[in-house]
Structures are given as structure tokens and as C-alpha cells.
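Remarks on the structure that follows.
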Amino acid sequence: MQVLPGLVNHQIRLASRPVGTPTRDNWSFTTEAVHEPPPGGVVIRTLYLSLDPAMRGWMNDAKSYIAPVGVGEVMRAGGIGLVIASHSPAFAVGDHVSAGLGVQEYCMIPESHLKSSGLFKVDPRVGSLTQWLNVLGMPGMTGYFGLTDVGQPQPGETVVVSGAAGAVGQTVGQLAKIRGCRAVGIAGGTAKCEWVVNELGFDACIDYKGGNVREGLKQHCPKGVDVYFDNVGGDILDHVLAKINRKARIIICGAISQYNNTAPVQGPKNYLSLLVNRARMEGIVVFDYADRYHLAVAEMAEYLKDGRMKSREDVVYGLDTFPEALLKLFNGENFGKLVLQVAS
């Protein structure tokens with residue numbers, strides 16, 4: 001294939017599997033030429049990449065809902081980009097698209113991988129490009145289907161969500177309010193808690209860093225918890241399990257407090273509360289709902305348009321900052337959906 005002149009693809013590859021918290025040594029920085037796409041394929045310039053807690057799990061050589069990233073492979077990441085070369089009738093040069101682009105500046109997707117890469121056009125008029133990685137992207141889809149399909153909230157019920165100031169959590173709480181529920185968040189730090197209540201419209205937010213989660217749940221969930229959307233696992237999950245109501249629904253989305261552990265993952269100690277309360281705990285993997293993404297996008301785009309929903313993105317610039325930027329997720333440093341801007 002012919003080389004596209006003047007373009008060099010900078011990439012970040014998994015050099016070794018991390019033990020505990022990833023370090024810069026776990027990554028290798030490579031370059032390669034950018035080629036014309038084969039018949040039916042496209043070349044995309046990466047503009048923004050989504051940084052997500054799930055990326056830590058993809059680095060492990062362990063059975064999961066998706067194959068691990070291989071050592072030596074470009075790190076997996078979803079992103080928003082611009083089509084710069086196309087031999088596909090479905091995509092034109094200049095189209096903004098979303099796909100699994102990987103942590104690199106350019107991505108060539110052959111015709112055989114267009115569907116598996118998740119490639120689709122995005123409309124910047126419907127939402128900003130970063131919102132297409134947040135409320136209109138995978139985090140938004142996770143929050144929407146996890147809450148509505150698994151949690152099945154009813155008007156008047158109490159919905160609690162951990163990681164409330166993060167990408168998934170902000171969507172869950174706002175949707176809960178739209179569905180007529182009481183929304184209580186759990187987040188780290190006064191600024192995040194104030195934003196969750198004052199800007200997103202949650203009824204309350206518990207500061208797990210500066211307060212007592214158990215006491216906060218007693219104060220803000222006096223009638224118990226009907227739906228819990230869990231993004232963190234660990235002790236916070238146990239605290240909420242102690243407050244659930246009969247027939248409560250617990251959605252397991254993630255366990256960010258456990259991802260960098262070198263010891264076995266801490267399971268719920270308070271799981272017998274599920275038995276006593278005839279409650280249900282169920283996992284959510286967003287890819288299971290791919291055929292319905294367009295429905296959720298259409299609904300939440302209207303909420304953004306009419307002001308019933310807001311989104312906040314924490315944008316970090318520069319491909320070479322990826323190793324350190326990713327760690328913001330696990331240190332609780334990100335404020336909103338964490339996005340890496342690769343190009344403007």
C-alpha cells in the first residue's frame with residue numbers, strides 16, 4: 001500500500017503486564033508510516049481518546065468479557081477522529097467518527113474490521129466531540145442501560161451511585177432524577193460533591209474522602225436504598241449493601257478501588273443482605289446493548305439540548321502524557337469524564 005506522505009503515526013504499545021499500578025515502563029513508544037487504506041477501508045486521524053477504568057483490566061492476561069491487549073500491541077482505546085482517507089462508500093473524507101482507534105495518532109481500519117471496530121459517524125451538531133465520548137458515548141450508554149434495564153428504577157425510589165462525578169456516575173444520577181427518583185451520589189472531595197448537587201441536580205452527595213460513608217447513607221437515604229449503581233466496589237459496596245431495601249437492585253459496573261490490587265479482589269462481605277432482602281446483584285457490560293445505542297443517544301441528546309442533562313469532561317492534552325493521564329482515574333484526580341486530546 002502507498003504511504004501517505006508527510007504523516008508519521010506515533011503509537012503507545014503495551015510493553016509488559018503491570019503488577020499493581022501501571023508505570024511508564026509498562027509502555028513502549030513506537031512510530032510507523034501511515035498508508036493508504038485498502039479497498040473498502042479508511043484512515044482516521046485521532047482527535048480524542050477515551051480513558052476508562054476498564055483499560056486497567058485489559059492489560060491483564062486474564063479471562064474477561066473481552067480479550068486482553070497483547071504485549072506488543074497498540075493499547076486499546078475508544079476515540080473520536082476525522083476520516084482523512086477513504087475507499088469506503090459509507091465514509092467520506094472529513095467525516096467525524098467514533099471507533100476503537102487505539103492509543104495512536106492514526107488508525108487504519110480495513111473493510112473487514114469496520115463493524116468490529118464499532119466505527120460510526122458522529123454529528124458535532126448533536127453534541128460536542130468530547131460529549132460523544134461521555135454522555136453520548138460508552139460511559140453514557142453504560143449508565144443508561146445499566147440503570148434502565150438492570151436497575152429498573154421506579155418513581156419515588158432512592159438511587160445511589162458511586163463515582164458520581166465520573167463519566168458513568170454523572171449520567172446515572174441525572175437519569176435517575178429524570179425518571180422521578182431520589183438521587184444520592186458518592187464522590188471524593190468537597191468540590192466534586194458540590195458540583196454533583198448544585199450543577200447536576202442530585203439530591204445529596206456523600207464525600208467518601210472527607211466524611212463517613214455509613215453515616216452519610218443513614219442521613220441521606222432515610223428510607224433505604226432501592227437501586228445502587230456500583231463503580232468502585234470494596235468497602236463502599238459493603239456500606240450500601242447494609243442499607244438496601246427489599247427487592248433492591250445492585251448494578252455492578254466496575255470496581256475501580258480494586259483494579260491495581262496485588263492481592264485478590266475484595267469481594268462483598270455483606271452479601272447476605274441480598275438474601276435477607278430478596279435483592280438482586282447483576283453485572284453490566286455495555287457491548288451487550290450495541291444494537292440499541294442509537295435509541296439511548298437520541299433520548300439523551302434531547303436531554304442535553306433542553307438542559308435536563310449536563311456533561312463535564314476532564315481533557316488532558318498530548319499522546320505522550322497517556323501513561324500519567326490514565327493514572328488520574330485511579331487516584332481520583334479526574335473531574336468528569338477523562339479524555340486525552342491527541343490533536344485539534
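Chain labels follow the order of the C-alpha cells: the first chain is A, the next B, and so on; residue numbering restarts at 1 in every chain, and ligands are counted from 1 in their shown order.
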Those in segment 111-304 of chain A with helix (DSSP H, G or I) from DSSP, as a ChimeraX atom specification | /A:111-113,131-133,138-151,167-178,190-198,213-220,234-241,272-276,286-304
With a distance cut-off of 8 Å and only C-alpha atoms, select the neighbouring residues of Ile186 of chain A, excluding the residue or stretch itself and same-chain residues fewer than 3 positions from it, and output the selection as a list of chain:residue names.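 Those residues are A:Val160, A:Val161, A:Ser162, A:Gly163, A:Ala164, A:Cys193, A:Cys205, A:Ile206, A:Asp207, A:Tyr208.
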C-alpha atoms of the current selection, written as a PDB file, in the first residue's frame:
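Everything below was put into selection25.pdb:
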```
ATOM      1  CA  VAL A 160     -27.356   5.666  44.933  1.00  0.00           C
ATOM      2  CA  VAL A 161     -24.370   5.843  42.574  1.00  0.00           C
ATOM      3  CA  SER A 162     -20.681   5.715  43.469  1.00  0.00           C
ATOM      4  CA  GLY A 163     -18.156   7.556  41.347  1.00  0.00           C
ATOM      5  CA  ALA A 164     -20.901  10.147  40.949  1.00  0.00           C
ATOM      6  CA  CYS A 193     -19.816  16.723  45.782  1.00  0.00           C
ATOM      7  CA  CYS A 205     -23.691  13.604  47.644  1.00  0.00           C
ATOM      8  CA  ILE A 206     -21.539  11.812  50.229  1.00  0.00           C
ATOM      9  CA  ASP A 207     -17.841  12.701  50.370  1.00  0.00           C
ATOM     10  CA  TYR A 208     -16.018   9.409  50.899  1.00  0.00           C
TER      11      TYR A 208
END
```
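Proximity to Arg182 of chain A was assessed for A:Val227, A:Leu275, A:Val213, A:Ala167 counting only C-alpha atoms; the smallest distance is recorded for A:Val227.
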Closest atom pairs, residues of segment 95-189 of chain A within 12 Å of segment 10-28 of chain A, only C-alpha atoms, as a tab-separated table:
```
residue	atom	partner	partner_atom	distance
A:Leu101	CA	A:Gln11	CA	10.8
A:Gly102	CA	A:Gln11	CA	8.3
A:Val103	CA	A:Ile12	CA	5.7
A:Gln104	CA	A:Gln11	CA	4.2
A:Glu105	CA	A:His10	CA	5.6
A:Tyr106	CA	A:His10	CA	7.8
A:Cys107	CA	A:Gln11	CA	9.8
```
**Asked** Using only C-alpha atoms, which residue out of A:Leu136, A:Leu119, A:Met75, A:Val69 lies closest to Pro323 of chain A?
**Response**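 Comparing A:Leu136, A:Leu119, A:Met75, A:Val69 against Pro323 of chain A, the winner is A:Met75.
The coordinates place atom CA of Gly78 of chain A at 5.5 Å from atom CA of Ser50 of chain A.
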_When you look at Pro139 of chain A with a cut-off of 9 Å (counting only C-alpha atoms), what residues show up, excluding the ones that are within fewer than 4 positions of it in the same chain? I need them as a ChimeraX atom specification._
/A:52,133-135,143-144,167-169,171,286,337
Mind writing the picked residues with N, CA and C atoms as a PDB file, in the first residue's frame?
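File part-v8.pdb, as written:
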```
ATOM      1  N   ASP A  52     -10.536   5.129  30.357  1.00  0.00           N
ATOM      2  CA  ASP A  52     -11.557   4.467  31.163  1.00  0.00           C
ATOM      3  C   ASP A  52     -10.934   3.484  32.141  1.00  0.00           C
ATOM      4  N   LEU A 133     -17.778  11.121  23.662  1.00  0.00           N
ATOM      5  CA  LEU A 133     -17.026  10.144  24.456  1.00  0.00           C
ATOM      6  C   LEU A 133     -17.553  10.062  25.882  1.00  0.00           C
ATOM      7  N   ASN A 134     -18.576  10.856  26.183  1.00  0.00           N
ATOM      8  CA  ASN A 134     -19.107  10.923  27.540  1.00  0.00           C
ATOM      9  C   ASN A 134     -20.570  10.492  27.532  1.00  0.00           C
ATOM     10  N   VAL A 135     -21.478  11.418  27.668  1.00  0.00           N
ATOM     11  CA  VAL A 135     -22.886  11.058  27.799  1.00  0.00           C
ATOM     12  C   VAL A 135     -23.441  10.433  26.526  1.00  0.00           C
ATOM     13  N   GLY A 143     -24.227   3.887  31.608  1.00  0.00           N
ATOM     14  CA  GLY A 143     -25.125   4.413  32.626  1.00  0.00           C
ATOM     15  C   GLY A 143     -26.579   4.232  32.259  1.00  0.00           C
ATOM     16  N   TYR A 144     -26.905   4.480  30.987  1.00  0.00           N
ATOM     17  CA  TYR A 144     -28.297   4.402  30.542  1.00  0.00           C
ATOM     18  C   TYR A 144     -28.835   2.975  30.659  1.00  0.00           C
ATOM     19  N   ALA A 167     -17.532   9.672  34.696  1.00  0.00           N
ATOM     20  CA  ALA A 167     -18.242   9.624  33.423  1.00  0.00           C
ATOM     21  C   ALA A 167     -19.573   8.897  33.532  1.00  0.00           C
ATOM     22  N   VAL A 168     -19.562   7.683  34.057  1.00  0.00           N
ATOM     23  CA  VAL A 168     -20.793   6.906  34.159  1.00  0.00           C
ATOM     24  C   VAL A 168     -21.694   7.472  35.246  1.00  0.00           C
ATOM     25  N   GLY A 169     -21.112   7.809  36.390  1.00  0.00           N
ATOM     26  CA  GLY A 169     -21.897   8.246  37.535  1.00  0.00           C
ATOM     27  C   GLY A 169     -22.719   9.486  37.270  1.00  0.00           C
ATOM     28  N   THR A 171     -24.022  10.472  34.495  1.00  0.00           N
ATOM     29  CA  THR A 171     -25.170  10.113  33.669  1.00  0.00           C
ATOM     30  C   THR A 171     -26.225   9.389  34.492  1.00  0.00           C
ATOM     31  N   VAL A 286     -21.522  -3.037  28.585  1.00  0.00           N
ATOM     32  CA  VAL A 286     -22.256  -2.163  27.668  1.00  0.00           C
ATOM     33  C   VAL A 286     -22.368  -2.744  26.260  1.00  0.00           C
ATOM     34  N   LYS A 337     -15.597  13.141  32.913  1.00  0.00           N
ATOM     35  CA  LYS A 337     -15.106  12.110  32.005  1.00  0.00           C
ATOM     36  C   LYS A 337     -13.690  12.430  31.566  1.00  0.00           C
TER      37      LYS A 337
END
```
Would you please work out which residue, of A:His96, A:Lys243, A:Arg249, A:Arg292, is nearest to Asn270 of chain A when using only C-alpha atoms?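 Closest to Asn270 of chain A of all the choices is A:Lys243.
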Using only C-alpha atoms, the residue out of A:Leu47, A:Ile251, A:Ile178, A:Met1 with shortest distance to Phe145 of chain A is A:Ile251
Exercise for the section: May I ask which of the residues A:Pro124, A:Gly70, A:Gly41, A:Gly211 is the closest one to Asp95 of chain A, counting only C-alpha atoms? Expected result: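 Once distances to Asp95 of chain A are computed over only C-alpha atoms, the minimum belongs to A:Pro124.
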task: Would you mind writing down, as a PyMOL selection string, each residue of segment 34-261 of chain A that DSSP on the backbone assigns to strand (DSSP E or B)?
output: chain A and resi 34-35+42-50+74+78-86+96-100+104+106-109+120-121+158-162+182-187+204-207+225-230+244-252
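Ranking A:Lys269, A:Ile84, A:Ile252, A:Thr46 by their shortest atom-to-atom distance to Tyr228 of chain A, with only C-alpha atoms included, puts A:Ile252 first.
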Neighbours of Ala165 of chain A within 12 Å (only C-alpha atoms; same-chain residues fewer than 3 positions away dropped), as a PyMOL selection string? chain A and resi 161-162+168-174+184-202+205-207+231+310-314+329+332-338
*Who sits within 8 Å of Val97 of chain A, only C-alpha atoms, same chain under 6 positions skipped, as a list in words*: Ile80, Gly81, Leu82, Val83, Leu119, Phe120, Lys121 and Val122 of chain A
Atom pair atom CA of Ala279 of chain A + atom CA of Gln154 of chain A, distance 15.3 Å
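Atom CA of Ala99 of chain A lies 5.0 Å from atom CA of Gly118 of chain A.
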Inset, instruction - Could you give me, as a PyMOL selection string, the residues within 8 Å of Pro110 of chain A, counting only C-alpha atoms and dropping anything in the same chain fewer than 6 positions from it? - result: chain A and resi 37-42
Take the residues that were just selected and, keeping all heavy atoms, output them as a compact mmCIF listing (two decimals), in the first residue's frame.
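Written file, result29.txt:
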```
# COMPACT_ATOMS: atom_id res chain seq x y z
N PRO A 37 -5.56 3.41 2.77
CA PRO A 37 -6.37 2.26 3.16
C PRO A 37 -6.57 1.32 1.99
O PRO A 37 -6.56 1.74 0.83
CB PRO A 37 -7.70 2.90 3.58
CG PRO A 37 -7.78 4.16 2.78
CD PRO A 37 -6.36 4.65 2.66
N PRO A 38 -6.77 0.03 2.27
CA PRO A 38 -7.09 -0.92 1.20
C PRO A 38 -8.52 -0.67 0.70
O PRO A 38 -9.26 0.12 1.30
CB PRO A 38 -6.97 -2.27 1.89
CG PRO A 38 -7.27 -1.98 3.33
CD PRO A 38 -6.73 -0.61 3.58
N PRO A 39 -8.94 -1.32 -0.36
CA PRO A 39 -10.31 -1.15 -0.86
C PRO A 39 -11.33 -1.40 0.25
O PRO A 39 -11.27 -2.41 0.96
CB PRO A 39 -10.42 -2.20 -1.96
CG PRO A 39 -9.02 -2.36 -2.46
CD PRO A 39 -8.15 -2.20 -1.25
N GLY A 40 -12.25 -0.44 0.43
CA GLY A 40 -13.28 -0.56 1.46
C GLY A 40 -12.87 -0.05 2.82
O GLY A 40 -13.70 0.04 3.72
N GLY A 41 -11.60 0.32 2.99
CA GLY A 41 -11.10 0.74 4.30
C GLY A 41 -11.00 2.24 4.43
O GLY A 41 -11.25 3.00 3.48
N VAL A 42 -10.62 2.69 5.65
CA VAL A 42 -10.48 4.11 5.93
C VAL A 42 -9.24 4.35 6.78
O VAL A 42 -8.77 3.45 7.48
CB VAL A 42 -11.72 4.68 6.67
CG1 VAL A 42 -12.96 4.56 5.82
CG2 VAL A 42 -11.92 3.99 8.01
```
For Ala248 of chain A, find every residue with an atom within 10 Å (counting only C-alpha atoms), except residues of its own chain fewer than 3 positions away, and show them as a PDB file with C-alpha atoms, in the first residue's frame.
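Okay, this is what ended up in part-v7.pdb:
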```
ATOM      1  CA  GLY A 151     -31.752  -1.206  37.806  1.00  0.00           C
ATOM      2  CA  GLN A 152     -35.301  -0.608  36.555  1.00  0.00           C
ATOM      3  CA  PRO A 153     -35.858   2.466  38.772  1.00  0.00           C
ATOM      4  CA  GLU A 157     -37.280   5.215  44.706  1.00  0.00           C
ATOM      5  CA  THR A 158     -33.816   6.074  46.034  1.00  0.00           C
ATOM      6  CA  VAL A 159     -30.930   5.541  43.621  1.00  0.00           C
ATOM      7  CA  GLY A 224     -33.111   2.853  52.443  1.00  0.00           C
ATOM      8  CA  VAL A 225     -31.639   2.187  49.006  1.00  0.00           C
ATOM      9  CA  ASP A 226     -33.684   0.742  46.167  1.00  0.00           C
ATOM     10  CA  VAL A 227     -31.102   0.877  43.380  1.00  0.00           C
ATOM     11  CA  TYR A 228     -27.323   1.021  43.751  1.00  0.00           C
ATOM     12  CA  LEU A 241     -25.490  -3.378  50.991  1.00  0.00           C
ATOM     13  CA  LYS A 243     -28.841  -0.118  53.618  1.00  0.00           C
ATOM     14  CA  ILE A 244     -30.675  -1.838  50.762  1.00  0.00           C
ATOM     15  CA  ASN A 245     -34.414  -2.348  50.759  1.00  0.00           C
ATOM     16  CA  ILE A 251     -25.765  -2.904  39.270  1.00  0.00           C
ATOM     17  CA  LEU A 274     -29.046  -9.856  49.227  1.00  0.00           C
ATOM     18  CA  ASN A 277     -33.779  -8.502  51.345  1.00  0.00           C
ATOM     19  CA  ARG A 278     -34.517 -10.753  48.370  1.00  0.00           C
ATOM     20  CA  ALA A 279     -32.344  -8.371  46.382  1.00  0.00           C
ATOM     21  CA  ARG A 280     -30.575  -8.825  43.064  1.00  0.00           C
ATOM     22  CA  MET A 281     -26.989  -8.026  42.022  1.00  0.00           C
TER      23      MET A 281
END
```
